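Here the structure comes first, spelled out in structure tokens, and everything after it is commentary.
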Amino acid sequence: MTAASMAGADTKTGATILLSSHRARLLAVILVAFGLTTFRLDFQSLWYDEGVTAFLARQGPLALTQWTAGDIQPPLYYYIVAGWSALAGWSEWSLRFPSAWWITLTTALMAALTVRLSASRSAAVLAALLTALHPLLIYYGQEARMYAQLTALGVLAGYLLVRLAAAPLPSLGAWIALIVVGVAAVYTHYFAVFLLVGLALAFTIDVFLQETRSLAMKKVRALLLAGAAILLFYTPWLSALFGQLRNDRSYWEGTLKLHEAIAKVAIAFTSGEAVFEQAALRLLVGYVALTVAAASLLWRSAPRGRRLLLYAGCWLLTPVVAVLMLAMTIPKFNARYVMEALPGLLLIWAGGFGLSAVGQEANRPTAQDENVGAVHNRTFATGQQRLLHRASVLLLLLGFFYGAAGWFFNPAFSKDQWRQITEFLRPRLAEDETVILVSGHAWPVWDYYAPDLPVVRLPVIDILDVDAVLDFPTTGAVLRRAFAESGGLRGAWLVTWQADIVDPNDVVPVQLELSGREKGQSATFHGLGLRRFTGFREHRFVVEPPIDVATDLIFGNQVALRGYKAMDNGDLLLFWEKLSFAEEAAPDLHMALVTTTADGTPVATTPERRLAGYSYPFARWRAGEIVASHLPARNWLGTAGPTPGAYRFTLRVFDMNDPTASPLPLADGRPEAELGPVEVQID
């Protein structure tokens, strides 16, 4: 069968499906998709990324474009949200509605695409059903980000390419439509290019398998021209793209753990974002078995099944492989970056369990060619196969329900509760108090919910920068200005989000404790930290490391302990310096600390830990930088309410990558340093 003959069959079958009783079923599924994506659409708070969407959509076109040129996403999605919200308002519901609409559209498009590939009404309705109920699509259909839009544009591009591959003659209108959709996709997300490449690969193989060589070459040349047109329209944004590749500092340097990344994709594509990892891994075994079975059924349902498998395989694998390869060079990865590939997996499931029975029936002899016993056996076998296929679909749907239920009803998967924390603070913020926001780049979502509440941002950055690690000089200067005696502010609520990245060494809480006192409060908010401090005095904020007892202890010619300080709440600060002459410095130094009373009675053994915060390993330190290590009293003194008095401690430093954990020797050869007495005075 040629692609041209397929086109005729596809058109007839598609019309039959869309105009028959199956139209009602498809409409019902589309309504289910709309209902699920709009169900409790504004129940949860916006999180940071959605706050950025709200902020950008309220900017003018020029400011929006300039911001996105320095951010990690192109601007088209924000233009659409801006236009929609200007009409519908800026509520959480309104901001998220475009994503719900895109997923609803994707549901319809998946049915149309499956019709084109399979000519099976069962497969078409099943594809729509799997799309409508998939927990990952429901999740991102309720998020004010561009991933739902990207997925829908990808499915539309795939539909157009499948149609063009089967068309007997070139269709200028369809090629122009493909160019428009392709341009829209790459202006929605950079990684759209990987999906377009995968679809182009499937198209090329398809036409060479189905058409004469001359016609296939004409279609491939048309495809190349369409690709060139997409690139031409994208040229104005290429400088922004390459600039981001050079300057993006929103991730830590390192090596991608490929097996973990693959597992995250597999979990997201099967269970979504709201199933605990261990449960999702167990479910994954079943999903893999069902996927293999569906792919096998497609392969046996030639030729349509194999054609569908070609497009689905390229759709699924090309973006995932390409993004993972890129992440091995630039180790920044999240499963949502490859969500555009999910329709490929849905096609395999829908085609395998919806098309196979049709294909098998078509390839079997009629009853006139068989005796009665053969007909009976064949009918019985076909019934068993249909029952097995329906059971497979039921298992898929049960897994989807489980994942969607976790998103809708399990508070463990709540988004960061920015709305709730601002509602909590608004009536409690005293006149002499302000809010300190760490990290400062979270201010777009803060500004969405609380533009009326004053805020001090630390650090003052607009986009996450993993190199903007806070220290005493930078925080001291900002805090002295914020809490100048003339300003009248004496207290603050500390709101933390991603503080482990910008303040891994607890510099801000230490500064606030040095200048004032922590005032206990018990409220908790998912994804956020909240603490209250009072009694600030400007002069007590420090702009240099607050060393009380200076030392000069060098461990292994790599790191020096420059001093320590016991705080009034019992916490201990150690101050380290990475030596500039250190050769082949170990990337991950740890320490072990044992505390005794002044007379040698054991008090506590601090769990082995990195010299500084966990997310600030020794490899990231700059030579000559003084880095503080914050040891809470509950660790080094064994209790959160320590007894005042004199204490001693021994300190050992070792390389975590050394299997023997041999201590780095001091200059005199000793394996550990003995320090003290340290006077602990609880104020």
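Here, A, B, ... name the chains of the structure tokens in the order displayed, residue numbers run from 1 inside each chain, and ligands are numbered from 1 in the same displayed order.
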
As a PDB file with N, CA and C atoms, in the first residue's frame, please: the residues near Val559 in chain A (cut-off 10 Å, only C-alpha atoms, same-chain neighbours under 4 positions excluded).
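This is the output file around_22.pdb:
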ATOM      1  N   LEU A 553      45.555  26.720  61.877  1.00  0.00           N
ATOM      2  CA  LEU A 553      45.740  25.276  61.750  1.00  0.00           C
ATOM      3  C   LEU A 553      45.536  24.872  60.300  1.00  0.00           C
ATOM      4  N   ILE A 554      46.562  24.283  59.701  1.00  0.00           N
ATOM      5  CA  ILE A 554      46.522  23.897  58.288  1.00  0.00           C
ATOM      6  C   ILE A 554      46.420  22.380  58.195  1.00  0.00           C
ATOM      7  N   PHE A 555      45.428  21.917  57.458  1.00  0.00           N
ATOM      8  CA  PHE A 555      45.191  20.484  57.302  1.00  0.00           C
ATOM      9  C   PHE A 555      45.619  20.049  55.905  1.00  0.00           C
ATOM     10  N   TRP A 576      36.876  28.638  57.787  1.00  0.00           N
ATOM     11  CA  TRP A 576      37.859  27.929  56.971  1.00  0.00           C
ATOM     12  C   TRP A 576      38.334  28.798  55.811  1.00  0.00           C
ATOM     13  N   GLU A 577      39.531  28.474  55.337  1.00  0.00           N
ATOM     14  CA  GLU A 577      40.061  29.131  54.133  1.00  0.00           C
ATOM     15  C   GLU A 577      40.717  28.086  53.239  1.00  0.00           C
ATOM     16  N   LYS A 578      40.313  28.090  51.975  1.00  0.00           N
ATOM     17  CA  LYS A 578      40.974  27.226  50.995  1.00  0.00           C
ATOM     18  C   LYS A 578      42.296  27.868  50.601  1.00  0.00           C
ATOM     19  N   LEU A 579      43.373  27.132  50.741  1.00  0.00           N
ATOM     20  CA  LEU A 579      44.699  27.688  50.520  1.00  0.00           C
ATOM     21  C   LEU A 579      44.975  27.861  49.034  1.00  0.00           C
ATOM     22  N   SER A 580      45.542  28.994  48.696  1.00  0.00           N
ATOM     23  CA  SER A 580      45.805  29.298  47.290  1.00  0.00           C
ATOM     24  C   SER A 580      46.907  28.437  46.712  1.00  0.00           C
ATOM     25  N   PHE A 581      47.820  27.918  47.562  1.00  0.00           N
ATOM     26  CA  PHE A 581      48.923  27.101  47.053  1.00  0.00           C
ATOM     27  C   PHE A 581      48.610  25.607  47.094  1.00  0.00           C
ATOM     28  N   ALA A 582      47.345  25.279  47.435  1.00  0.00           N
ATOM     29  CA  ALA A 582      46.973  23.864  47.497  1.00  0.00           C
ATOM     30  C   ALA A 582      47.055  23.242  46.110  1.00  0.00           C
ATOM     31  N   ALA A 585      43.821  19.810  45.035  1.00  0.00           N
ATOM     32  CA  ALA A 585      42.958  19.837  46.217  1.00  0.00           C
ATOM     33  C   ALA A 585      41.858  18.788  46.098  1.00  0.00           C
ATOM     34  N   ALA A 586      41.546  18.154  47.204  1.00  0.00           N
ATOM     35  CA  ALA A 586      40.473  17.171  47.231  1.00  0.00           C
ATOM     36  C   ALA A 586      39.141  17.881  46.987  1.00  0.00           C
ATOM     37  N   LEU A 589      36.035  17.661  50.994  1.00  0.00           N
ATOM     38  CA  LEU A 589      36.573  17.484  52.343  1.00  0.00           C
ATOM     39  C   LEU A 589      35.434  17.430  53.361  1.00  0.00           C
ATOM     40  N   LEU A 611      32.773  20.390  55.320  1.00  0.00           N
ATOM     41  CA  LEU A 611      33.296  21.504  56.108  1.00  0.00           C
ATOM     42  C   LEU A 611      32.287  22.636  56.187  1.00  0.00           C
ATOM     43  N   PHE A 618      33.822  21.518  49.028  1.00  0.00           N
ATOM     44  CA  PHE A 618      35.132  22.170  48.979  1.00  0.00           C
ATOM     45  C   PHE A 618      35.540  22.528  47.551  1.00  0.00           C
ATOM     46  N   ALA A 623      39.847  30.073  46.197  1.00  0.00           N
ATOM     47  CA  ALA A 623      41.073  30.187  46.986  1.00  0.00           C
ATOM     48  C   ALA A 623      41.093  31.526  47.711  1.00  0.00           C
ATOM     49  N   GLY A 624      41.401  31.498  49.010  1.00  0.00           N
ATOM     50  CA  GLY A 624      41.449  32.706  49.820  1.00  0.00           C
ATOM     51  C   GLY A 624      40.118  33.103  50.420  1.00  0.00           C
ATOM     52  N   VAL A 653      39.924  16.352  59.778  1.00  0.00           N
ATOM     53  CA  VAL A 653      39.513  16.640  58.402  1.00  0.00           C
ATOM     54  C   VAL A 653      39.987  15.496  57.512  1.00  0.00           C
ATOM     55  N   LEU A 664      43.653  14.325  57.136  1.00  0.00           N
ATOM     56  CA  LEU A 664      44.674  15.214  56.594  1.00  0.00           C
ATOM     57  C   LEU A 664      45.518  15.710  57.767  1.00  0.00           C
TER      58      LEU A 664
END

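Secondary structure by DSSP on the backbone puts the following residues of range 561-605 of chain A in strand (DSSP E): Leu561, Arg562, Gly563, Tyr564, Lys565, Ala566, Leu572, Leu573, Leu574, Phe575, Trp576, Glu577, Lys578, Leu589, His590, Met591, Ala592, Leu593, Val594, Thr595, Thr596, Thr597, Pro602, Val603, Ala604 and Thr605 of chain A.
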
Using DSSP on the backbone coordinates, identify the residues of range 505-682 of chain A assigned to helix (DSSP H, G or I); present them as a PyMOL selection string.
-> chain A and resi 507-515+538-540+618-620+633-636

Any chance you can output those residues with N, CA and C atoms as a PDB file, in the first residue's frame?
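So the final result, stored in out_0.pdb, reads:
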ATOM      1  N   VAL A 507      24.522  31.933  56.506  1.00  0.00           N
ATOM      2  CA  VAL A 507      25.064  33.246  56.849  1.00  0.00           C
ATOM      3  C   VAL A 507      23.959  34.198  57.299  1.00  0.00           C
ATOM      4  N   VAL A 508      22.820  34.196  56.603  1.00  0.00           N
ATOM      5  CA  VAL A 508      21.754  35.132  56.964  1.00  0.00           C
ATOM      6  C   VAL A 508      21.192  34.831  58.358  1.00  0.00           C
ATOM      7  N   PRO A 509      20.806  33.582  58.681  1.00  0.00           N
ATOM      8  CA  PRO A 509      20.349  33.330  60.055  1.00  0.00           C
ATOM      9  C   PRO A 509      21.401  33.677  61.111  1.00  0.00           C
ATOM     10  N   VAL A 510      22.679  33.442  60.803  1.00  0.00           N
ATOM     11  CA  VAL A 510      23.730  33.794  61.761  1.00  0.00           C
ATOM     12  C   VAL A 510      23.777  35.300  61.958  1.00  0.00           C
ATOM     13  N   GLN A 511      23.688  36.053  60.863  1.00  0.00           N
ATOM     14  CA  GLN A 511      23.681  37.516  60.978  1.00  0.00           C
ATOM     15  C   GLN A 511      22.509  37.988  61.837  1.00  0.00           C
ATOM     16  N   LEU A 512      21.340  37.423  61.620  1.00  0.00           N
ATOM     17  CA  LEU A 512      20.169  37.850  62.370  1.00  0.00           C
ATOM     18  C   LEU A 512      20.279  37.468  63.837  1.00  0.00           C
ATOM     19  N   GLU A 513      20.899  36.330  64.129  1.00  0.00           N
ATOM     20  CA  GLU A 513      21.095  35.919  65.520  1.00  0.00           C
ATOM     21  C   GLU A 513      22.153  36.777  66.196  1.00  0.00           C
ATOM     22  N   LEU A 514      23.177  37.187  65.457  1.00  0.00           N
ATOM     23  CA  LEU A 514      24.210  38.051  66.024  1.00  0.00           C
ATOM     24  C   LEU A 514      23.645  39.427  66.369  1.00  0.00           C
ATOM     25  N   SER A 515      22.740  39.933  65.527  1.00  0.00           N
ATOM     26  CA  SER A 515      22.218  41.281  65.737  1.00  0.00           C
ATOM     27  C   SER A 515      21.019  41.300  66.672  1.00  0.00           C
ATOM     28  N   GLU A 538      21.766  47.947  64.330  1.00  0.00           N
ATOM     29  CA  GLU A 538      22.529  48.089  63.090  1.00  0.00           C
ATOM     30  C   GLU A 538      23.986  47.693  63.248  1.00  0.00           C
ATOM     31  N   HIS A 539      24.626  48.138  64.335  1.00  0.00           N
ATOM     32  CA  HIS A 539      26.067  47.934  64.472  1.00  0.00           C
ATOM     33  C   HIS A 539      26.438  46.481  64.725  1.00  0.00           C
ATOM     34  N   ARG A 540      25.436  45.642  65.079  1.00  0.00           N
ATOM     35  CA  ARG A 540      25.758  44.252  65.371  1.00  0.00           C
ATOM     36  C   ARG A 540      25.762  43.362  64.125  1.00  0.00           C
ATOM     37  N   PHE A 618      33.822  21.518  49.028  1.00  0.00           N
ATOM     38  CA  PHE A 618      35.132  22.170  48.979  1.00  0.00           C
ATOM     39  C   PHE A 618      35.540  22.528  47.551  1.00  0.00           C
ATOM     40  N   ALA A 619      35.117  21.733  46.575  1.00  0.00           N
ATOM     41  CA  ALA A 619      35.494  21.993  45.187  1.00  0.00           C
ATOM     42  C   ALA A 619      34.950  23.325  44.680  1.00  0.00           C
ATOM     43  N   ARG A 620      33.885  23.837  45.292  1.00  0.00           N
ATOM     44  CA  ARG A 620      33.290  25.095  44.837  1.00  0.00           C
ATOM     45  C   ARG A 620      33.904  26.313  45.520  1.00  0.00           C
ATOM     46  N   ALA A 633      23.845  23.919  68.135  1.00  0.00           N
ATOM     47  CA  ALA A 633      24.150  23.368  69.457  1.00  0.00           C
ATOM     48  C   ALA A 633      23.680  21.930  69.584  1.00  0.00           C
ATOM     49  N   ARG A 634      22.567  21.595  68.938  1.00  0.00           N
ATOM     50  CA  ARG A 634      22.047  20.230  69.061  1.00  0.00           C
ATOM     51  C   ARG A 634      23.007  19.207  68.466  1.00  0.00           C
ATOM     52  N   ASN A 635      23.909  19.662  67.553  1.00  0.00           N
ATOM     53  CA  ASN A 635      24.887  18.746  66.963  1.00  0.00           C
ATOM     54  C   ASN A 635      26.168  18.670  67.786  1.00  0.00           C
ATOM     55  N   TRP A 636      26.809  19.814  68.030  1.00  0.00           N
ATOM     56  CA  TRP A 636      28.134  19.749  68.645  1.00  0.00           C
ATOM     57  C   TRP A 636      28.069  19.659  70.174  1.00  0.00           C
TER      58      TRP A 636
END

Determine the nearest neighbour of Ser414 in chain A from the options A:Val502, A:Val321, A:Ala274, A:Val186, counting only C-alpha atoms.
->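 The shortest atom-to-atom distance to Ser414 in chain A comes from A:Ala274.
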
Pick from A:Val52, A:Pro659, A:Tyr190, A:Gly351, whichever lies nearest to Leu238 in chain A using only C-alpha atoms =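 Among the listed residues, the smallest separation from Leu238 in chain A belongs to A:Tyr190.
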
Considering only C-alpha atoms, return as a compact mmCIF listing (two decimals) with N, CA and C atoms, in the first residue's frame whatever protein or nucleic-acid residues lie within 10 Å of range 525-529 of chain A, sequence-local ones (same chain, fewer than 4 positions apart) excluded.
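Written file, part-v1.txt:
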# COMPACT_ATOMS: atom_id res chain seq x y z
N TRP A 47 3.71 28.58 42.27
CA TRP A 47 5.07 28.45 42.78
C TRP A 47 5.97 29.39 42.00
N PRO A 411 -1.44 16.06 50.13
CA PRO A 411 -0.74 17.33 50.44
C PRO A 411 0.77 17.24 50.33
N ALA A 412 1.32 16.02 50.31
CA ALA A 412 2.77 15.87 50.18
C ALA A 412 3.26 16.40 48.83
N PHE A 413 2.36 16.52 47.85
CA PHE A 413 2.75 16.98 46.52
C PHE A 413 2.24 18.39 46.23
N SER A 414 1.98 19.13 47.29
CA SER A 414 1.54 20.52 47.12
C SER A 414 2.64 21.35 46.49
N LYS A 415 2.25 22.37 45.78
CA LYS A 415 3.21 23.35 45.31
C LYS A 415 3.66 24.21 46.49
N ASP A 416 4.78 24.89 46.33
CA ASP A 416 5.28 25.77 47.38
C ASP A 416 4.19 26.78 47.76
N GLN A 417 3.96 26.92 49.05
CA GLN A 417 2.78 27.65 49.53
C GLN A 417 3.06 29.15 49.72
N TRP A 418 3.29 29.83 48.62
CA TRP A 418 3.54 31.27 48.68
C TRP A 418 2.28 32.04 49.06
N ARG A 419 1.16 31.65 48.51
CA ARG A 419 -0.08 32.34 48.86
C ARG A 419 -0.35 32.24 50.36
N GLN A 420 -0.20 31.04 50.91
CA GLN A 420 -0.51 30.82 52.32
C GLN A 420 0.44 31.57 53.24
N ILE A 421 1.72 31.63 52.88
CA ILE A 421 2.67 32.29 53.77
C ILE A 421 2.45 33.80 53.77
N PHE A 424 -0.54 34.48 55.91
CA PHE A 424 -0.18 34.33 57.32
C PHE A 424 0.55 35.57 57.83
N VAL A 438 15.10 34.99 51.17
CA VAL A 438 16.29 34.26 50.73
C VAL A 438 15.79 32.98 50.05
N LEU A 494 12.07 35.86 58.40
CA LEU A 494 12.96 35.30 57.39
C LEU A 494 12.22 34.23 56.61
N VAL A 495 12.00 34.48 55.32
CA VAL A 495 11.35 33.52 54.42
C VAL A 495 12.43 32.92 53.53
N THR A 496 12.56 31.60 53.57
CA THR A 496 13.62 30.94 52.81
C THR A 496 13.04 30.02 51.74
N TRP A 497 13.62 30.08 50.56
CA TRP A 497 13.31 29.20 49.44
C TRP A 497 14.57 29.09 48.59
N GLN A 498 15.02 27.86 48.36
CA GLN A 498 16.29 27.60 47.68
C GLN A 498 17.45 28.26 48.42
N ALA A 499 17.31 28.38 49.74
CA ALA A 499 18.40 28.93 50.53
C ALA A 499 19.61 28.00 50.54
